[in-house]
file query-v7.csv (CSV, C-alpha atoms)
chain,number,residue,atom,x,y,z
A,1,MET,CA,214.7,-7.5,-98.7
A,2,LYS,CA,216.7,-8.0,-95.4
A,3,TYR,CA,220.4,-8.0,-95.6
A,4,LYS,CA,222.4,-11.0,-94.2
A,5,ASP,CA,226.1,-10.9,-93.9
A,6,TYR,CA,227.1,-14.4,-95.0
A,7,TYR,CA,230.8,-13.7,-94.3
A,8,LYS,CA,230.0,-12.7,-90.7
A,9,ILE,CA,227.7,-15.7,-90.2
A,10,LEU,CA,230.6,-18.0,-91.1
A,11,GLY,CA,233.1,-15.9,-89.3
A,12,VAL,CA,235.5,-15.4,-92.3
A,13,GLU,CA,237.0,-12.3,-94.0
A,14,ARG,CA,235.4,-11.1,-97.2
A,15,ASN,CA,238.5,-12.1,-99.1
A,16,ALA,CA,238.7,-15.6,-97.6
A,17,SER,CA,239.7,-18.3,-100.0
A,18,ALA,CA,237.3,-21.0,-101.1
A,19,GLU,CA,239.3,-23.5,-99.1
A,20,ASP,CA,239.2,-21.4,-95.9
A,21,ILE,CA,235.4,-21.0,-96.3
A,22,LYS,CA,235.0,-24.8,-96.7
A,23,LYS,CA,237.3,-25.5,-93.7
A,24,THR,CA,235.4,-23.0,-91.5
A,25,TYR,CA,232.0,-24.4,-92.6
A,26,ARG,CA,233.2,-28.0,-91.7
A,27,LYS,CA,234.2,-26.7,-88.2
A,28,LEU,CA,230.9,-25.0,-87.7
A,29,ALA,CA,229.1,-28.1,-89.0
A,30,HIS,CA,230.8,-30.2,-86.3
A,31,LYS,CA,229.6,-27.8,-83.7
A,32,TYR,CA,226.1,-27.0,-84.8
A,33,HIS,CA,224.9,-29.9,-87.1
A,34,PRO,CA,221.5,-31.0,-85.7
A,35,ASP,CA,222.4,-34.7,-86.1
A,36,VAL,CA,225.4,-34.2,-84.0
A,37,SER,CA,224.7,-31.4,-81.5
A,38,LYS,CA,221.8,-31.3,-79.1
A,39,ALA,CA,222.4,-27.7,-77.9
A,40,PRO,CA,219.3,-25.4,-78.0
A,41,ASP,CA,218.8,-23.4,-81.2
A,42,THR,CA,221.2,-25.7,-83.1
A,43,LYS,CA,218.8,-26.2,-86.0
A,44,GLU,CA,218.2,-22.5,-86.6
A,45,LYS,CA,221.9,-21.7,-86.3
A,46,PHE,CA,222.9,-24.5,-88.7
A,47,GLN,CA,220.3,-23.4,-91.2
A,48,GLU,CA,221.8,-19.9,-91.2
A,49,ILE,CA,225.3,-21.4,-91.6
A,50,GLY,CA,224.1,-23.7,-94.4
A,51,GLU,CA,222.5,-20.8,-96.2
A,52,ALA,CA,225.7,-18.7,-96.1
A,53,TYR,CA,227.9,-21.6,-97.2
A,54,ASN,CA,225.6,-22.6,-100.1
A,55,THR,CA,226.0,-19.1,-101.5
A,56,LEU,CA,229.7,-18.6,-100.8
A,57,LYS,CA,230.9,-22.0,-101.9
A,58,ASN,CA,229.7,-21.3,-105.4
A,59,PRO,CA,232.1,-18.8,-107.2
A,60,GLU,CA,229.3,-17.3,-109.3
A,61,LYS,CA,226.8,-17.0,-106.5
A,62,ARG,CA,229.6,-15.5,-104.3
A,63,ALA,CA,230.4,-12.9,-107.0
A,64,ALA,CA,226.7,-12.1,-107.2
A,65,TYR,CA,226.5,-11.8,-103.4
A,66,ASP,CA,229.6,-9.6,-103.3
A,67,GLN,CA,228.1,-7.2,-105.8
A,68,LEU,CA,225.2,-6.6,-103.6
A,69,GLY,CA,227.5,-4.4,-101.6
A,70,SER,CA,228.8,-4.6,-98.1
A,71,GLY,CA,227.8,-1.5,-96.3
A,72,PHE,CA,224.6,-2.9,-94.8
A,73,ARG,CA,223.9,-4.1,-91.2
A,74,PRO,CA,222.4,-7.6,-90.8
A,75,GLY,CA,218.6,-7.3,-90.9
A,76,GLN,CA,218.7,-3.9,-92.6
A,77,ASP,CA,216.3,-3.4,-95.5
A,78,PHE,CA,218.2,-2.9,-98.6
A,79,ARG,CA,218.0,-3.0,-102.4
A,80,PRO,CA,220.7,-4.4,-104.7
A,81,PRO,CA,222.5,-1.9,-106.9
A,82,PRO,CA,220.5,-0.7,-110.0
A,83,ASP,CA,222.2,-3.0,-112.5
A,84,TRP,CA,222.5,-6.1,-110.3
A,85,ASN,CA,219.3,-7.8,-111.5
A,86,LYS,CA,220.3,-7.2,-115.2
A,87,GLU,CA,223.5,-9.1,-114.7
A,88,PHE,CA,222.2,-11.9,-112.5
A,89,GLY,CA,218.4,-11.9,-113.2
A,90,ASP,CA,216.2,-10.8,-116.1
A,91,GLY,CA,216.0,-7.2,-115.0
A,92,GLN,CA,212.2,-7.2,-114.6
A,93,PHE,CA,211.4,-8.1,-111.0
A,94,SER,CA,211.0,-6.5,-107.6
A,95,PHE,CA,213.1,-7.5,-104.6
A,96,ASP,CA,210.3,-6.6,-102.2
A,97,GLU,CA,209.1,-9.5,-100.0
A,98,MET,CA,212.0,-11.6,-101.2
A,99,ASP,CA,214.3,-13.6,-98.9
A,100,LEU,CA,218.0,-13.4,-99.7
A,101,ALA,CA,218.2,-17.3,-99.4
A,102,ASP,CA,215.5,-17.7,-102.0
A,103,LEU,CA,217.2,-15.2,-104.3
A,104,PHE,CA,220.4,-17.2,-104.3
A,105,ALA,CA,218.7,-20.6,-104.4
A,106,GLY,CA,217.2,-19.4,-107.7
A,107,LEU,CA,220.6,-18.4,-109.1
A,108,SER,CA,222.5,-21.1,-110.9
A,109,GLY,CA,225.7,-20.4,-112.8
A,110,GLY,CA,225.0,-16.7,-112.3
A,111,ARG,CA,221.7,-17.0,-114.1
A,112,ARG,CA,218.3,-17.8,-112.7
A,113,GLY,CA,216.3,-20.9,-113.4
A,114,GLY,CA,218.9,-23.6,-112.9
A,115,GLY,CA,218.3,-25.4,-116.2
A,116,LYS,CA,215.5,-27.7,-117.0
A,117,PHE,CA,216.4,-30.9,-115.1
A,118,PRO,CA,213.8,-31.9,-112.4
A,119,ILE,CA,214.5,-30.5,-109.0
A,120,PRO,CA,212.7,-32.2,-106.1
A,121,GLY,CA,211.0,-29.8,-103.6
A,122,GLN,CA,212.6,-29.3,-100.2
A,123,ASP,CA,211.7,-31.6,-97.4
A,124,TYR,CA,210.7,-30.0,-94.0
A,125,GLU,CA,210.9,-31.3,-90.5
A,126,VAL,CA,208.6,-29.9,-87.8
A,127,GLU,CA,208.6,-30.7,-84.1
A,128,ALA,CA,205.0,-31.5,-83.0
A,129,GLY,CA,204.3,-31.5,-79.2
A,130,ILE,CA,201.1,-33.5,-78.3
A,131,THR,CA,199.6,-34.3,-75.0
A,132,LEU,CA,199.2,-37.9,-73.7
A,133,ASP,CA,195.5,-37.6,-74.2
A,134,GLN,CA,196.0,-36.6,-77.8
A,135,ALA,CA,198.4,-39.5,-78.3
A,136,ALA,CA,195.9,-41.9,-76.8
A,137,ARG,CA,192.9,-40.8,-78.8
A,138,GLY,CA,194.5,-39.5,-82.0
A,139,THR,CA,194.5,-35.8,-82.9
A,140,GLU,CA,194.7,-33.2,-85.6
A,141,ILE,CA,197.5,-30.6,-85.5
A,142,GLU,CA,197.7,-27.4,-87.5
A,143,VAL,CA,201.0,-26.9,-89.4
A,144,ASN,CA,202.1,-23.5,-90.6
A,145,LEU,CA,205.0,-23.4,-93.1
A,146,ALA,CA,206.6,-20.7,-95.3
A,147,VAL,CA,207.4,-22.7,-98.4
A,148,PRO,CA,209.5,-21.4,-101.3
A,149,GLU,CA,207.6,-21.4,-104.6
A,150,PRO,CA,208.5,-19.9,-107.9
A,151,GLY,CA,206.9,-16.5,-108.5
A,152,GLU,CA,205.9,-14.9,-111.8
A,153,ASN,CA,209.4,-13.6,-112.3
A,154,GLY,CA,210.9,-17.1,-111.9
A,155,PHE,CA,212.6,-16.4,-108.6
A,156,MET,CA,211.5,-18.2,-105.5
A,157,ARG,CA,209.4,-16.5,-102.9
A,158,ARG,CA,208.0,-17.7,-99.6
A,159,VAL,CA,204.4,-18.7,-99.6
A,160,PRO,CA,202.6,-19.3,-96.3
A,161,ARG,CA,200.8,-22.7,-96.2
A,162,THR,CA,198.6,-24.0,-93.5
A,163,PHE,CA,197.1,-27.5,-93.3
A,164,LYS,CA,196.0,-29.9,-90.7
A,165,ALA,CA,197.7,-33.2,-90.1
A,166,ARG,CA,195.7,-36.1,-88.8
A,167,ILE,CA,197.7,-38.2,-86.3
A,168,ALA,CA,196.2,-41.6,-85.6
A,169,LYS,CA,196.1,-42.9,-82.0
A,170,GLY,CA,199.2,-44.6,-80.8
A,171,ALA,CA,201.9,-42.0,-81.4
A,172,THR,CA,204.6,-41.9,-78.8
A,173,GLU,CA,207.8,-40.0,-78.0
A,174,GLY,CA,210.2,-39.8,-80.9
A,175,GLN,CA,207.7,-41.2,-83.4
A,176,ARG,CA,208.2,-39.9,-86.9
A,177,LEU,CA,205.4,-39.3,-89.4
A,178,ARG,CA,205.5,-38.4,-93.0
A,179,LEU,CA,203.1,-36.2,-94.9
A,180,PRO,CA,203.9,-36.9,-98.6
A,181,GLY,CA,204.0,-33.9,-100.9
A,182,LYS,CA,203.5,-31.3,-98.2
A,183,GLY,CA,207.0,-29.8,-98.4
A,184,GLY,CA,208.3,-27.4,-101.0
A,185,LYS,CA,207.1,-27.5,-104.6
A,186,GLY,CA,209.3,-29.5,-107.0
A,187,LEU,CA,210.6,-27.7,-110.1
A,188,ASN,CA,210.7,-28.8,-113.8
A,189,GLY,CA,208.7,-31.9,-113.0
A,190,GLY,CA,210.6,-32.8,-109.8
A,191,ARG,CA,208.5,-34.3,-107.0
A,192,ASP,CA,207.1,-32.1,-104.3
A,193,GLY,CA,209.0,-32.3,-101.0
A,194,ASP,CA,207.6,-34.1,-97.9
A,195,LEU,CA,206.9,-32.8,-94.5
A,196,TYR,CA,208.1,-34.9,-91.5
A,197,LEU,CA,206.6,-34.5,-88.1
A,198,ASN,CA,208.8,-35.4,-85.1
A,199,ILE,CA,206.4,-36.2,-82.3
A,200,HIS,CA,207.2,-35.1,-78.7
A,201,LEU,CA,204.9,-36.0,-75.8
A,202,LEU,CA,204.3,-32.9,-73.6
A,203,PRO,CA,204.8,-33.5,-69.9
A,204,HIS,CA,201.8,-34.7,-68.0
A,205,PRO,CA,201.3,-33.8,-64.3
A,206,LEU,CA,200.9,-37.5,-63.3
A,207,PHE,CA,202.0,-39.9,-66.0
A,208,ARG,CA,205.4,-40.5,-67.6
A,209,ALA,CA,205.6,-42.4,-70.9
A,210,SER,CA,208.2,-45.0,-71.9
A,211,GLY,CA,207.2,-46.2,-75.3
A,212,HIS,CA,203.6,-47.2,-74.9
A,213,ASP,CA,203.9,-47.9,-71.2
A,214,LEU,CA,203.0,-45.3,-68.6
A,215,TYR,CA,204.4,-44.8,-65.1
A,216,ILE,CA,202.8,-43.0,-62.2
A,217,ASP,CA,204.2,-42.4,-58.7
A,218,LEU,CA,202.0,-44.1,-56.1
A,219,PRO,CA,202.5,-42.6,-52.7
A,220,LEU,CA,201.5,-44.9,-49.9
A,221,ALA,CA,201.4,-44.4,-46.1
A,222,PRO,CA,203.7,-46.7,-44.2
A,223,TRP,CA,200.7,-48.6,-42.7
A,224,GLU,CA,199.2,-49.1,-46.2
A,225,ALA,CA,202.4,-50.6,-47.4
A,226,VAL,CA,202.8,-52.8,-44.4
A,227,LEU,CA,199.2,-54.0,-44.0
A,228,GLY,CA,198.1,-53.8,-47.6
A,229,ALA,CA,195.2,-51.6,-48.9
A,230,ALA,CA,193.0,-50.9,-51.8
A,231,VAL,CA,193.7,-47.4,-53.3
A,232,GLU,CA,192.3,-45.4,-56.1
A,233,VAL,CA,194.7,-44.8,-59.0
A,234,PRO,CA,194.0,-42.5,-61.9
A,235,THR,CA,194.5,-43.9,-65.4
A,236,LEU,CA,194.2,-42.0,-68.7
A,237,GLU,CA,190.5,-42.8,-69.0
A,238,GLU,CA,189.2,-43.3,-65.5
A,239,LYS,CA,190.1,-44.1,-61.9
A,240,VAL,CA,190.6,-47.7,-60.9
A,241,ARG,CA,191.0,-49.4,-57.6
A,242,LEU,CA,194.3,-51.1,-57.1
A,243,LYS,CA,195.0,-53.8,-54.5
A,244,ILE,CA,198.2,-53.1,-52.6
A,245,PRO,CA,199.6,-56.4,-51.2
A,246,ALA,CA,200.7,-56.4,-47.6
A,247,GLY,CA,204.5,-55.9,-47.3
A,248,THR,CA,204.8,-53.7,-50.4
A,249,ARG,CA,208.2,-52.0,-50.6
A,250,SER,CA,209.2,-48.5,-51.8
A,251,GLY,CA,210.2,-48.5,-55.5
A,252,GLN,CA,208.2,-51.6,-56.3
A,253,GLN,CA,206.2,-51.4,-59.5
A,254,LEU,CA,202.6,-52.6,-59.6
A,255,ARG,CA,201.4,-53.3,-63.1
A,256,LEU,CA,197.9,-52.3,-64.4
A,257,SER,CA,197.7,-54.3,-67.6
A,258,GLY,CA,196.5,-52.6,-70.7
A,259,ARG,CA,196.2,-49.2,-69.0
A,260,GLY,CA,199.0,-47.5,-70.9
A,261,LEU,CA,198.9,-45.8,-74.3
A,262,PRO,CA,197.2,-47.6,-77.2
A,263,ARG,CA,199.5,-49.0,-79.9
A,264,PRO,CA,198.9,-47.8,-83.4
A,265,ARG,CA,197.2,-51.0,-84.7
A,266,GLU,CA,196.2,-53.1,-81.7
A,267,GLY,CA,196.8,-53.6,-78.1
A,268,ARG,CA,197.9,-51.1,-75.4
A,269,GLY,CA,200.9,-50.6,-73.2
A,270,ASP,CA,200.7,-51.1,-69.4
A,271,LEU,CA,200.5,-48.6,-66.6
A,272,TYR,CA,203.0,-49.1,-63.8
A,273,ALA,CA,202.4,-47.6,-60.4
A,274,VAL,CA,205.8,-46.9,-58.8
A,275,VAL,CA,205.4,-47.2,-55.0
A,276,GLN,CA,206.7,-44.4,-52.8
A,277,ILE,CA,206.3,-44.8,-49.1
A,278,VAL,CA,205.8,-41.3,-47.7
A,279,VAL,CA,205.5,-40.2,-44.1
A,280,PRO,CA,203.4,-37.4,-42.6
A,281,ALA,CA,205.2,-34.1,-42.2
A,282,GLU,CA,203.5,-33.5,-38.9
A,283,LEU,CA,202.2,-35.9,-36.3
A,284,SER,CA,199.5,-35.6,-33.8
A,285,GLU,CA,200.2,-36.5,-30.2
A,286,ARG,CA,198.4,-39.8,-30.6
A,287,GLU,CA,200.2,-40.7,-33.8
A,288,ARG,CA,203.6,-39.9,-32.2
A,289,ALA,CA,202.7,-42.2,-29.3
A,290,LEU,CA,201.6,-45.0,-31.6
A,291,PHE,CA,204.9,-44.8,-33.6
A,292,LYS,CA,206.9,-44.8,-30.3
A,293,ASP,CA,205.0,-47.9,-29.2
A,294,LEU,CA,205.7,-49.5,-32.6
A,295,ALA,CA,209.4,-48.7,-32.4
A,296,GLU,CA,209.6,-50.3,-29.0
A,297,ALA,CA,207.6,-53.4,-30.0
A,298,SER,CA,209.2,-54.0,-33.4
A,299,GLY,CA,212.3,-56.2,-33.9
A,300,PHE,CA,212.6,-55.1,-37.5
A,301,ASP,CA,216.1,-54.0,-38.5
A,302,PRO,CA,216.1,-52.2,-41.9
A,303,ARG,CA,219.9,-52.0,-41.9
A,304,GLY,CA,220.7,-55.6,-40.9
A,305,HIS,CA,222.6,-56.2,-44.1
A,306,PHE,CA,225.1,-53.5,-43.1
A,307,LYS,CA,226.4,-55.7,-40.2
A,308,GLU,CA,226.6,-58.8,-42.4
A,309,ALA,CA,228.6,-56.9,-45.1
A,310,VAL,CA,231.3,-55.6,-42.6
A,311,LYS,CA,231.7,-58.5,-40.3
B,1,MET,CA,189.6,-20.3,-94.8
B,2,ARG,CA,189.2,-24.0,-95.4
B,3,VAL,CA,192.2,-25.9,-94.1
B,4,GLU,CA,193.1,-29.1,-95.9
B,5,ILE,CA,193.4,-32.2,-93.7
B,6,THR,CA,196.2,-34.7,-94.5
B,7,GLU,CA,196.7,-38.2,-93.1
B,8,ALA,CA,200.1,-38.6,-91.6
B,9,VAL,CA,201.9,-41.8,-92.6
B,10,TRP,CA,203.7,-43.7,-89.8
B,11,LEU,CA,207.4,-44.3,-90.4
B,12,ASP,CA,207.5,-47.7,-88.7
B,13,GLU,CA,208.0,-51.4,-89.3
B,14,HIS,CA,204.5,-51.8,-90.7
B,15,HIS,CA,205.3,-49.8,-93.9
B,16,GLU,CA,207.9,-50.7,-96.4
B,17,PHE,CA,209.9,-49.0,-99.2
B,18,SER,CA,211.7,-50.4,-102.2
B,19,LEU,CA,215.3,-49.5,-102.9
B,20,ALA,CA,214.1,-47.0,-105.6
B,21,GLU,CA,211.6,-45.4,-103.3
B,22,LEU,CA,214.1,-45.1,-100.5
B,23,ALA,CA,216.6,-43.4,-102.9
B,24,ASN,CA,213.9,-41.1,-104.2
B,25,LEU,CA,212.8,-40.0,-100.8
B,26,SER,CA,216.1,-39.8,-99.0
B,27,GLY,CA,218.3,-38.1,-101.6
B,28,LEU,CA,220.9,-40.9,-101.5
B,29,SER,CA,221.6,-42.8,-104.7
B,30,GLU,CA,220.7,-46.5,-104.9
B,31,ALA,CA,224.5,-47.3,-105.1
B,32,GLU,CA,225.0,-45.3,-101.9
B,33,LEU,CA,222.2,-47.2,-100.1
B,34,LEU,CA,223.6,-50.5,-101.2
B,35,GLN,CA,227.0,-49.5,-99.8
B,36,LEU,CA,225.3,-48.7,-96.4
B,37,ILE,CA,223.7,-52.1,-96.5
B,38,ASP,CA,227.1,-53.7,-97.2
B,39,TYR,CA,228.6,-51.9,-94.2
B,40,GLU,CA,225.6,-53.0,-92.1
B,41,ALA,CA,224.5,-49.5,-91.4
B,42,LEU,CA,221.1,-49.9,-93.1
B,43,PRO,CA,219.1,-53.0,-92.4
B,44,ALA,CA,217.4,-54.4,-95.5
B,45,MET,CA,214.7,-57.1,-95.6
B,46,HIS,CA,214.1,-59.9,-98.1
B,47,ALA,CA,217.5,-59.1,-99.6
B,48,THR,CA,218.2,-62.3,-101.7
B,49,VAL,CA,219.0,-59.8,-104.6
B,50,ALA,CA,220.3,-56.6,-103.2
B,51,THR,CA,218.5,-54.3,-105.7
B,52,GLU,CA,215.2,-56.0,-104.8
B,53,ALA,CA,215.6,-55.3,-101.1
B,54,ARG,CA,212.7,-54.0,-99.1
B,55,PHE,CA,213.1,-51.6,-96.2
B,56,SER,CA,211.1,-50.9,-93.1
B,57,ALA,CA,209.8,-47.3,-93.4
B,58,ASP,CA,211.9,-46.2,-90.4
B,59,CYS,CA,215.0,-46.9,-92.6
B,60,LEU,CA,214.0,-43.6,-94.3
B,61,LEU,CA,215.1,-41.7,-91.2
B,62,ILE,CA,218.5,-43.4,-91.3
B,63,ALA,CA,218.9,-42.7,-95.0
B,64,ARG,CA,217.8,-39.1,-94.6
B,65,THR,CA,220.3,-38.6,-91.8
B,66,ALA,CA,223.0,-40.3,-94.0
B,67,CYS,CA,222.2,-37.9,-96.8
B,68,ARG,CA,222.5,-34.8,-94.6
B,69,LEU,CA,225.8,-36.1,-93.2
B,70,ARG,CA,227.2,-36.9,-96.7
B,71,ASN,CA,226.2,-33.4,-97.9
B,72,ASP,CA,227.5,-31.5,-94.9
B,73,PHE,CA,230.7,-33.4,-94.1
B,74,ASP,CA,231.7,-34.8,-97.4
B,75,LEU,CA,231.9,-38.3,-95.9
B,76,ASP,CA,232.7,-41.3,-98.0
B,77,ALA,CA,230.7,-44.5,-97.6
B,78,GLY,CA,232.9,-46.0,-94.8
B,79,GLY,CA,232.8,-42.8,-92.8
B,80,LEU,CA,229.1,-42.4,-93.4
B,81,ALA,CA,228.4,-45.9,-92.2
B,82,LEU,CA,230.5,-45.5,-89.1
B,83,ALA,CA,228.7,-42.1,-88.3
B,84,ILE,CA,225.3,-43.7,-88.8
B,85,LYS,CA,226.1,-46.7,-86.6
B,86,LEU,CA,227.4,-44.4,-83.8
B,87,LEU,CA,224.3,-42.1,-84.1
B,88,GLU,CA,222.0,-45.1,-84.0
B,89,ARG,CA,223.8,-46.4,-80.8
B,90,ILE,CA,223.4,-42.9,-79.2
B,91,HIS,CA,219.7,-42.9,-80.1
B,92,GLY,CA,219.3,-46.3,-78.6
B,93,LEU,CA,221.0,-45.2,-75.4
B,94,GLU,CA,218.9,-42.0,-75.2
B,95,ALA,CA,215.8,-44.1,-75.5
B,96,GLN,CA,217.0,-46.4,-72.7
B,97,LEU,CA,217.8,-43.3,-70.6
B,98,ARG,CA,214.3,-41.9,-71.2
B,99,ALA,CA,212.8,-45.3,-70.3
B,100,LEU,CA,214.8,-45.5,-67.0
B,101,ASP,CA,213.9,-41.9,-66.2
B,102,ALA,CA,210.2,-42.6,-66.6
B,103,GLN,CA,210.6,-45.4,-64.1
B,104,LEU,CA,212.2,-43.3,-61.4
B,105,PRO,CA,210.0,-41.7,-58.8
B,106,HIS,CA,209.7,-38.0,-59.6
B,107,ARG,CA,209.6,-35.4,-56.8
B,108,ARG,CA,206.2,-33.8,-56.5
B,109,LYS,CA,206.1,-30.0,-57.0
call {"tool": "encode", "arguments": {"input": "query-v7.csv", "output": "structure tokens"}}
result
Amino acid sequence: MKYKDYYKILGVERNASAEDIKKTYRKLAHKYHPDVSKAPDTKEKFQEIGEAYNTLKNPEKRAAYDQLGSGFRPGQDFRPPPDWNKEFGDGQFSFDEMDLADLFAGLSGGRRGGGKFPIPGQDYEVEAGITLDQAARGTEIEVNLAVPEPGENGFMRRVPRTFKARIAKGATEGQRLRLPGKGGKGLNGGRDGDLYLNIHLLPHPLFRASGHDLYIDLPLAPWEAVLGAAVEVPTLEEKVRLKIPAGTRSGQQLRLSGRGLPRPREGRGDLYAVVQIVVPAELSERERALFKDLAEASGFDPRGHFKEAVK
Amino acid sequence: MRVEITEAVWLDEHHEFSLAELANLSGLSEAELLQLIDYEALPAMHATVATEARFSADCLLIARTACRLRNDFDLDAGGLALAIKLLERIHGLEAQLRALDAQLPHRRK
């Protein structure tokens, strides 16, 4: 079993009062709570803090933890003192392959088991990144969890579980899905926990999603924007020809109806082509000459409104 | 090894929960959920009688967040409702930001 220094994790002395431990935990919760903070690694950090607090806030669990000893380094393999499991367990189990969190989760009032009232299994949340193509067609993703389950000795142990979740077409960024009963096992007749999938759309080289609508940058040459054109635009399924009206401006959005992501039940979002007028990085002699001719012949003043504004 | 395939259930407005189901799945008591409805932090549907209220499935996310905040910050119903409303407002603004960002031309790499 790997040692974890719960006092160090919370940043308190070993002789800290229960009130000090609670106060410190609250401060850390304000900083690292995943519902409040968006900093990276917040979830893992808060899980560690929560595990430490759940043990140290309970006087009997704290006493049991203290009696494990204090001379270990975090992460060091260790075994509790010889009589520890007689006092806090039933004296007949091995600590190998056991997680410290599961050991203390199984202790209640200094004894294992926690009574006979139903205890629901733990819910889990998993981030699931899927591509736009997977979102559009539906997909299956493999989920791997280490779920605590009671072992033969009555103490919890981590059991690896793998299953596939089928995600119907139409998922989009931030969509939440629930897999009933796929979390931790319930105890004493309590319901099994659920697994929640938080869907994230992985970046696509061309398309950006907003709900079920998609956006694509559509670079146009100045003459295509001025004169109008018909250009090929990729969609999720195929290329389509899009008519560019004469006089199209940069930033204008051209809508391709029903070419976005499918919605879960019916219909689809739209695809918007966002016009960007781009200029060639290098010009041939002839091109330069033509642009010069255009500059001389044109009466167009793109900054005319400046003059009106500062009259 | 044969891997079991499970159908994921959408948490959206097309699925509904009863008050009892929402309490069972979120970890909040029915009384706490009713308080959140009172404070307008949790939208209930068909609520002529509060205990017979139905909830759109996405309310489960709000209720689960409320349960976490209650456990981790010891918030009372008023504080919890305020925190939930502010978080919902932040989520709404983040969604608007993402939508606007999607509309902006992105520099090609």
call {"tool": "atom_distance", "arguments": {"input": "query-v7.csv", "atom1": "atom CA of A:Thr162", "atom2": "atom CA of A:Gly181"}}
result
13.5 Å
call {"tool": "interface_residues", "arguments": {"input": "query-v7.csv", "of": "chain A", "to": "chain B", "cutoff": "6 Å", "atoms": "all atoms listed in the file", "output": "list in words"}}
result
Phe163, Lys164, Ala165, Arg166, Ile167, Arg176, Leu177, Arg178, Leu179, Arg208, Ser210 and Asp217 of chain A
call {"tool": "residues_near_point", "arguments": {"input": "query-v7.csv", "point": "(201.7, -40.8, -63.3)", "cutoff": "10 Å", "atoms": "all atoms listed in the file", "output": "list in words"}}
result
His204, Pro205, Leu206, Phe207, Arg208, Ala209, Leu214, Tyr215, Ile216, Asp217, Leu218, Val233, Pro234, Thr235, Leu236, Leu271, Tyr272, Ala273 and Val274 of chain A; Ala102, Pro105 and His106 of chain B
call {"tool": "atom_distance", "arguments": {"input": "query-v7.csv", "atom1": "atom CA of A:Pro80", "atom2": "atom CA of A:Ser17"}}
result
24.0 Å
call {"tool": "atom_distance", "arguments": {"input": "query-v7.csv", "atom1": "atom CA of A:Ala105", "atom2": "atom CA of B:Ala81"}}
result
29.7 Å
call {"tool": "residues_around", "arguments": {"input": "query-v7.csv", "residues": "A:Glu232", "least_positions_apart": "6", "cutoff": "10 Å", "atoms": "only C-alpha atoms", "output": "PyMOL selection string"}}
result
chain A and resi 218+239-243
call {"tool": "residues_around", "arguments": {"input": "query-v7.csv", "residues": "A:Thr24", "least_positions_apart": "4", "cutoff": "12 Å", "atoms": "all atoms listed in the file", "output": "ChimeraX atom specification"}}
result
/A:7-13,16-20,28-31,49-50,52-53,56-57 /B:73
call {"tool": "residues_around", "arguments": {"input": "query-v7.csv", "residues": "A:Pro148", "least_positions_apart": "3", "cutoff": "10 Å", "atoms": "only C-alpha atoms", "output": "mmCIF file with C-alpha atoms, in the coordinates of the input"}}
result
data_model
loop_
_atom_site.group_PDB
_atom_site.id
_atom_site.type_symbol
_atom_site.label_atom_id
_atom_site.label_comp_id
_atom_site.auth_asym_id
_atom_site.auth_seq_id
_atom_site.Cartn_x
_atom_site.Cartn_y
_atom_site.Cartn_z
ATOM 1 C CA ASP A 99 214.300 -13.600 -98.900
ATOM 2 C CA ALA A 101 218.200 -17.300 -99.400
ATOM 3 C CA ASP A 102 215.500 -17.700 -102.000
ATOM 4 C CA ALA A 105 218.700 -20.600 -104.400
ATOM 5 C CA GLY A 121 211.000 -29.800 -103.600
ATOM 6 C CA GLN A 122 212.600 -29.300 -100.200
ATOM 7 C CA LEU A 145 205.000 -23.400 -93.100
ATOM 8 C CA GLY A 151 206.900 -16.500 -108.500
ATOM 9 C CA PHE A 155 212.600 -16.400 -108.600
ATOM 10 C CA MET A 156 211.500 -18.200 -105.500
ATOM 11 C CA ARG A 157 209.400 -16.500 -102.900
ATOM 12 C CA ARG A 158 208.000 -17.700 -99.600
ATOM 13 C CA VAL A 159 204.400 -18.700 -99.600
ATOM 14 C CA PRO A 160 202.600 -19.300 -96.300
ATOM 15 C CA GLY A 183 207.000 -29.800 -98.400
ATOM 16 C CA GLY A 184 208.300 -27.400 -101.000
ATOM 17 C CA LYS A 185 207.100 -27.500 -104.600
ATOM 18 C CA GLY A 186 209.300 -29.500 -107.000
#
